[in-house]
Each structure stands twice: as C-alpha cells, then as structure tokens.
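Quick notes on the structure that follows.
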Amino acid sequence: MRPTGKLHIGHLVGALESWVALQGSYQNYHLIADYHALTTNLETSHLRENTIEMLIDWIAAGIDPARSPVFRQSQVKEHTELHLIFSMLITTARLERNPTLKNQVRDLHIENVVYGHLGYPVLQAADILLYKGELVPVGEDQVPHVEITREIARRFNATYATVFPEPEPKLTAFARLPGLDGGAKMSKSLGNTILLSDPPEEIQRRMRGAVTDPQKIRRGDPGRPDICLVFTYHKKFNPAEVDDIREGCESGRLGCVDCKRRCAERIAQYLAPMREKRSYYESHPPEVEEILADGERRARTVAEATMAEVHDAMHLG
Ligand code: AMP
C-alpha cells in the first residue's frame with residue numbers, strides 16, 4: 001500500500017482483511033510503497049507521518065508484525081536494483097496499455113504522465129518478486145499489475161534461470177468498494193471515504209451524505225438495493241440484517257435516513273476494536289518505530305538473498 005495516511009474501509013475490505021486472514025497459512029510481507037507514493041504526490045513533508053498513520057491502521061486491523069515483516073520500499077535498496085533489471089524485460093507499449101494507469105490518469109486528472117507512472121507496475125513487480133510472492137492480496141485495480149508481474153517473472157526465468165514464481169492475485173468479495181458519492185471506487189483522492197479511525201458520530205455524518213437510489217425520494221417509495229452503495233455496505237458490515245434491509249427498501253417500509261443510520265451504527269461497531277487498538281499505538285510512538293526497524297531488518301535479509309540469486313543467474317558480479 002502507498003502511505004497516503006489513514007486508511008479507509010475500501011482498503012480494509014479490499015486488501016487488509018485478506019492480509020490478516022492469510023497470516024495463519026502464509027509467510028506475509030507487508031510493503032509500505034513510499035516510492036510509489038511519489039506518483040500521486042511529489043510533496044513529501046507528510047510522508048513520514050502518513051507512513052506511521054498507515055502502519056498503525058495495519059496493526060489495529062490485525063497485522064502481527066512479529067509474524068509478518070512491515071517495511072518501507074525506500075529502506076530496502078534491492079527494490080530499486082531489481083526494478084532497474086526488470087525495466088529491461090518489458091516493453092513500453094505493454095506498459096502504455098496498462099488499464100490501471102489509464103484509470104488513474106482519468107480519475108486523478110493527471111496531465112503529465114511521468115516515467116514513474118509508466119514504470120509503476122515494474123517497481124511493483126520488484127516489490128512482489130524480491131520476496132518470491134506467490135499470492136498477492138489486492139483490490140481489483142491492482143490485478144493488471146499482478147499480470148505484468150507474471151509476465152516479467154516469466155521473461156526473467158526464460159532468459160536467465162528460474163528464480164521467480166508466477167504470483168496470483170487474490171481478490172476479496174469486496175474487491176472494489178464503492179465510495180459514498182456513488183463513484184465506482186472509494187478512494188482518498190476522490191474524498192468519498194469512511195476512515196477506519198473515524199469516530200461513530202463522524203461515520204454517521206459521512207453516511208448521511210451518501211448517494212442512494214435516485215428513484216427513492218421519500219420513505220414509502222420502493223428502492224432498488226442492488227444499485228445502492230449503502231446496501232453494499234450493509235452486505236459487508238451488517239450481514240445479519242441484509243434480508244430485512246432488502247425487504248424494507250424494496251417495499252418502501254424502510255426510508256433511506258433510517259437505513260443509513262443503521263448502516264453507520266454497524267460500521268462503527270465493526271471498527272470499534274480497531275479504534276481502541278489504534279489509540280494504544282498512537283500513544284506509544286517508539287513501539288511503532290521499533291516495529292518498522294525490525295521489519296526492515298528482516299525484509300533486507302530476504303531481499304539480499306534474492307538479489308544474490310539474480311546476480312548469479314545474470315552473471316553479474
Ligand atoms: P493504494 O492506496 O492504491 O495503494 O491501495 C492499497 C490497496 O487497497 C490495493 O490493494 C488496492 O487495490 C486496495 N483498495 C484501495 N481502494 C479500494 C477500494 N475502494 N475497494 C477495494 N480495494 C481497494
């Protein structure tokens with residue numbers, strides 16, 4: 001994940017929960033993509049603070065750093081080395097066809113695509129393959145990048161020696177959570193989020209502004225839950241009441257105001273244990289720093305070993 005500060009519920013349901021679940025059966029590595037963050041913001045004065053905020057959200061959501069190293073891309077120099085080698089193994093035409101880049105350019109109104117935008121999936125391939133990642137638990141927007149990673153791994157293995165696995169993406173049932181504005185994707189840059197750290201009253205406030213079925217104007221009007229983003233949130237955060245909400249919406253018995261209030265309550269309940277854990281780490285900054293330093297030491301050991309294999313395979317050094 002890029003360190004863009006506090007995380008939202010899209011990050012949670014699209015990726016973070018999957019990371020937590022996989023911890024029991026896989027050796028996980030959790031990368032803070034601080035170089036990648038430069039593609040959305042060249043201004044770096046908040047990068048450190050954003051890194052810590054994100055890391056606290058990870059831990060609050062259940063990432064166990066003793067089991068799963070957490071580390072910054074910039075602090076393990078092998079990422080940039082492998083990125084350079086990989087940049088020789090993929091054509092610019094292939095990178096120009098990357099649909100994630102096209103969507104970013106459109107959504108974020110990027111006027112000047114820089115070399116770093118084009119090379120984003122190449123650096124990501126290095127991020128994944130340095131740890132010989134087999135499974136990449138990401139949201140839907142990242143799937144094309146995992147495909148590029150597979151192509152690069154294949155090309156490297158065919159050209160030099162079999163060093164890398166071909167990783168698979170792993171999607172959750174909510175691989176693209178819609179935003180409160182009805183937009184296709186919840187995203188910080190679109191300002192349509194609920195944050196993991198939002199207190200209950202803030203969740204209620206944000207939810208009141210959520211866009212619902214435009215045909216349901218007042219209570220009594222029948223609604224269409226399947227096109228309503230609030231219903232999508234109910235499915236995730238309020239599964240026990242989903243049938244009742246659907247019936248109430250379709251019959252007109254349930255108005256949008258009540259529906260949103262119930263949804264916000266459930267989201268707040270779901271996030272409550274995370275908020276509690278978060279407040280502990282917010283007041284213990286040295287522990288967070290130590291978690292990061294430890295993760296970076298462990299990541300470096302693995303990354304150095306992979307780079308030694310790469311150098312061998314390529315007769316470098
Ligand atoms: P990013 O902030 O773009 O680095 O995203 C970090 C991870 O969260 C990626 O795996 C994304 O695919 C995932 N993600 C971000 N926003 C959403 C969303 N609205 N729904 C599902 N997954 C998301």
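Here's how to read the names in the structure tokens: chain A, B, ... by the order shown, residue numbers from 1 in each chain, ligand numbers from 1 in the order shown.
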Those of stretch 22-199 of chain A in DSSP helix (DSSP H, G or I), formatted as a PyMOL selection string: chain A and resi 22+36-39+47-61+73-75+78-86+92-96+99-107+115-118+120-129+140-159+188-190
Now that the selection is made, can you save its residues with C-alpha atoms as a tab-separated table (two decimals), in the first residue's frame?
```
chain	number	residue	atom	x	y	z
A	22	LEU	CA	-3.60	-15.12	5.22
A	36	HIS	CA	5.14	4.65	-5.35
A	37	ALA	CA	3.52	7.40	-3.27
A	38	LEU	CA	5.51	9.92	-5.31
A	39	THR	CA	3.31	9.15	-8.30
A	47	LEU	CA	5.27	11.18	4.06
A	48	ARG	CA	6.71	10.07	7.36
A	49	GLU	CA	3.59	10.98	9.33
A	50	ASN	CA	1.41	9.24	6.70
A	51	THR	CA	3.60	6.15	6.92
A	52	ILE	CA	3.13	5.89	10.67
A	53	GLU	CA	-0.63	6.52	10.43
A	54	MET	CA	-0.99	3.73	7.89
A	55	LEU	CA	1.19	1.34	9.85
A	56	ILE	CA	-0.92	1.94	12.97
A	57	ASP	CA	-4.05	1.12	10.94
A	58	TRP	CA	-2.45	-2.11	9.73
A	59	ILE	CA	-1.62	-3.20	13.26
A	60	ALA	CA	-5.02	-2.09	14.56
A	61	ALA	CA	-6.69	-4.23	11.88
A	73	GLN	CA	10.30	0.29	-0.01
A	74	SER	CA	12.84	3.11	0.27
A	75	GLN	CA	14.72	1.39	3.09
A	78	GLU	CA	17.16	-4.05	-3.55
A	79	HIS	CA	13.73	-2.82	-4.69
A	80	THR	CA	15.31	-0.17	-6.87
A	81	GLU	CA	18.00	-2.52	-8.17
A	82	LEU	CA	15.54	-5.19	-9.23
A	83	HIS	CA	13.27	-2.53	-10.71
A	84	LEU	CA	16.10	-1.46	-12.99
A	85	ILE	CA	16.74	-5.00	-14.18
A	86	PHE	CA	13.03	-5.64	-14.72
A	92	THR	CA	6.92	0.50	-23.14
A	93	ALA	CA	3.97	-0.44	-25.41
A	94	ARG	CA	2.88	-3.06	-22.84
A	95	LEU	CA	3.10	-0.53	-20.01
A	96	GLU	CA	1.16	2.05	-22.02
A	99	PRO	CA	-5.65	-0.12	-17.72
A	100	THR	CA	-4.86	0.90	-14.12
A	101	LEU	CA	-2.69	3.72	-15.44
A	102	LYS	CA	-5.43	4.84	-17.82
A	103	ASN	CA	-7.98	4.92	-14.98
A	104	GLN	CA	-5.62	6.86	-12.73
A	105	VAL	CA	-4.93	9.41	-15.42
A	106	ARG	CA	-8.69	9.88	-15.86
A	107	ASP	CA	-9.75	9.87	-12.17
A	115	TYR	CA	8.20	7.91	-16.34
A	116	GLY	CA	7.38	6.76	-12.77
A	117	HIS	CA	3.69	6.32	-13.66
A	118	LEU	CA	4.59	4.12	-16.59
A	120	TYR	CA	4.75	1.78	-11.52
A	121	PRO	CA	3.97	-1.91	-12.22
A	122	VAL	CA	7.64	-2.62	-12.90
A	123	LEU	CA	8.60	-1.41	-9.44
A	124	GLN	CA	5.64	-3.33	-8.06
A	125	ALA	CA	6.92	-6.48	-9.78
A	126	ALA	CA	10.21	-5.99	-7.93
A	127	ASP	CA	8.28	-5.46	-4.67
A	128	ILE	CA	6.46	-8.77	-5.11
A	129	LEU	CA	9.22	-10.91	-6.58
A	140	GLU	CA	-9.43	-5.14	-8.29
A	141	ASP	CA	-7.49	-2.12	-9.63
A	142	GLN	CA	-4.21	-3.92	-8.94
A	143	VAL	CA	-4.94	-7.11	-10.90
A	144	PRO	CA	-3.40	-5.79	-14.16
A	145	HIS	CA	-0.21	-5.08	-12.21
A	146	VAL	CA	-0.02	-8.64	-10.97
A	147	GLU	CA	-0.42	-9.78	-14.57
A	148	ILE	CA	2.55	-7.60	-15.59
A	149	THR	CA	4.50	-9.10	-12.67
A	150	ARG	CA	3.78	-12.60	-14.02
A	151	GLU	CA	4.98	-11.59	-17.48
A	152	ILE	CA	8.20	-10.14	-16.07
A	153	ALA	CA	8.83	-13.26	-13.94
A	154	ARG	CA	8.31	-15.49	-16.99
A	155	ARG	CA	10.62	-13.37	-19.10
A	156	PHE	CA	13.35	-13.34	-16.46
A	157	ASN	CA	13.12	-17.09	-15.84
A	158	ALA	CA	13.19	-17.89	-19.59
A	159	THR	CA	16.10	-15.54	-20.24
A	188	LYS	CA	-8.90	9.10	-0.62
A	189	SER	CA	-8.16	11.27	-3.61
A	190	LEU	CA	-11.87	11.32	-4.50
```
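With only C-alpha atoms taken into account, the protein and nucleic acid residues at most 12 Å from A:Met274 (excluding it and anything under 2 positions from it in its own chain) are Leu7, Ile9, Leu12, Ile56, Asp57, Trp58, Ile59, Ala60, Ala61, Gly62, Ile63, Leu195, Leu196, Ser197, Asp198, Pro199, Ile267, Ala268, Gln269, Tyr270, Leu271, Ala272, Glu276, Lys277, Arg278, Ser279, Tyr280, Tyr281 and Glu282 of chain A.
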Nearby polymer residues, ligand 1, at most 6 Å, only C-alpha atoms and all ligand atoms, as a PyMOL selection string: chain A and resi 1-2+10-11+14-15+138-142+175-178+185-187
List as a ChimeraX atom specification the protein and nucleic acid residues near stretch 218-234 of chain A, meaning an atom at most 7 Å away when only C-alpha atoms are counted, but skip any in the same chain fewer than 6 places from it. /A:178,182,212,242,246,249-255,260,263
Restricting the output to C-alpha atoms, write the selected residues as a CSV table (one decimal), in the first residue's frame.
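This went into selection_29.csv:
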```csv
chain,number,residue,atom,x,y,z
A,178,PRO,CA,-17.8,2.0,-4.0
A,182,GLY,CA,-21.8,6.7,-5.6
A,212,THR,CA,-28.7,6.3,-2.7
A,242,VAL,CA,-29.4,-7.9,5.0
A,246,ARG,CA,-33.6,-5.6,1.3
A,249,CYS,CA,-36.1,-1.0,0.9
A,250,GLU,CA,-38.0,-2.7,-1.9
A,251,SER,CA,-41.3,-2.4,-0.1
A,252,GLY,CA,-40.8,1.2,0.8
A,253,ARG,CA,-41.2,0.4,4.5
A,254,LEU,CA,-37.6,1.5,5.3
A,255,GLY,CA,-36.6,5.0,4.4
A,260,LYS,CA,-28.1,4.9,6.6
A,263,CYS,CA,-25.6,1.0,8.5
```
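Ranking A:Lys236, A:Asn28, A:Ala313, A:Arg97 by their shortest atom-to-atom distance to A:Pro69, with only C-alpha atoms included, puts A:Asn28 first.
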Residues within 10 Å of A:Val302, please, as a ChimeraX atom specification. Count only C-alpha atoms; anything in the same chain fewer than 2 positions from it doesn't count. /A:78,130-132,297-300,304-307
Could the residues in this selection be saved with N, CA, C and O atoms as a tab-separated table (two decimals), in the first residue's frame?
```tsv
chain	number	residue	atom	x	y	z
A	78	GLU	N	17.31	-3.04	-2.50
A	78	GLU	CA	17.16	-4.05	-3.55
A	78	GLU	C	15.93	-3.81	-4.42
A	78	GLU	O	15.88	-4.24	-5.56
A	130	LEU	N	10.87	-9.87	-5.12
A	130	LEU	CA	12.01	-9.92	-4.20
A	130	LEU	C	11.75	-10.90	-3.07
A	130	LEU	O	12.66	-11.50	-2.52
A	131	TYR	N	10.47	-11.04	-2.71
A	131	TYR	CA	10.09	-11.94	-1.62
A	131	TYR	C	9.49	-13.22	-2.17
A	131	TYR	O	8.87	-13.99	-1.44
A	132	LYS	N	9.65	-13.41	-3.49
A	132	LYS	CA	9.11	-14.59	-4.18
A	132	LYS	C	7.64	-14.80	-3.85
A	132	LYS	O	7.20	-15.92	-3.54
A	297	ARG	N	14.80	-4.77	8.90
A	297	ARG	CA	15.96	-5.67	9.02
A	297	ARG	C	15.62	-7.03	8.41
A	297	ARG	O	16.40	-7.60	7.65
A	298	ARG	N	14.46	-7.54	8.73
A	298	ARG	CA	14.08	-8.88	8.26
A	298	ARG	C	13.84	-8.88	6.75
A	298	ARG	O	14.22	-9.83	6.05
A	299	ALA	N	13.22	-7.84	6.24
A	299	ALA	CA	12.97	-7.76	4.79
A	299	ALA	C	14.29	-7.70	4.03
A	299	ALA	O	14.46	-8.35	3.00
A	300	ARG	N	15.24	-6.93	4.57
A	300	ARG	CA	16.54	-6.79	3.89
A	300	ARG	C	17.23	-8.14	3.73
A	300	ARG	O	17.82	-8.42	2.69
A	304	GLU	N	18.19	-9.36	0.07
A	304	GLU	CA	19.60	-9.54	-0.30
A	304	GLU	C	19.82	-10.94	-0.87
A	304	GLU	O	20.55	-11.12	-1.86
A	305	ALA	N	19.20	-11.93	-0.27
A	305	ALA	CA	19.38	-13.31	-0.74
A	305	ALA	C	18.81	-13.46	-2.16
A	305	ALA	O	19.44	-14.09	-3.02
A	306	THR	N	17.66	-12.85	-2.42
A	306	THR	CA	17.08	-12.96	-3.77
A	306	THR	C	17.98	-12.24	-4.78
A	306	THR	O	18.22	-12.75	-5.87
A	307	MET	N	18.49	-11.06	-4.40
A	307	MET	CA	19.34	-10.33	-5.35
A	307	MET	C	20.62	-11.10	-5.64
A	307	MET	O	21.14	-11.03	-6.76
```
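Of the residues in stretch 91-269 of chain A, those given strand (DSSP E or B) by DSSP on the backbone are Leu135, Val136, Pro137, Glu168, Pro169, Lys170 and Leu195 of chain A.
Distance annotation: of A:Asn41, A:Asn112, A:Thr172, A:Asn98, the residue with the minimal separation from A:Ala21 is A:Thr172; atom set is only C-alpha atoms.
Proximity ranking of A:Gly317, A:Pro169, A:Gly248, A:Gly295 relative to A:Ile32 places A:Gly295 first, based on only C-alpha atoms.
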So which one's closest to A:Leu31, A:Ala161, A:Leu89, A:Glu287, A:Glu296? Using only C-alpha atoms, please. A:Glu296
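Interatomic distance, atom CA of A:Val20 to atom CA of A:Leu135: 13.4 Å.
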Quick one: of A:Gln204, A:Ser45, A:Arg275, A:Glu290, who's nearest to A:Cys259, counting only C-alpha atoms? A:Gln204
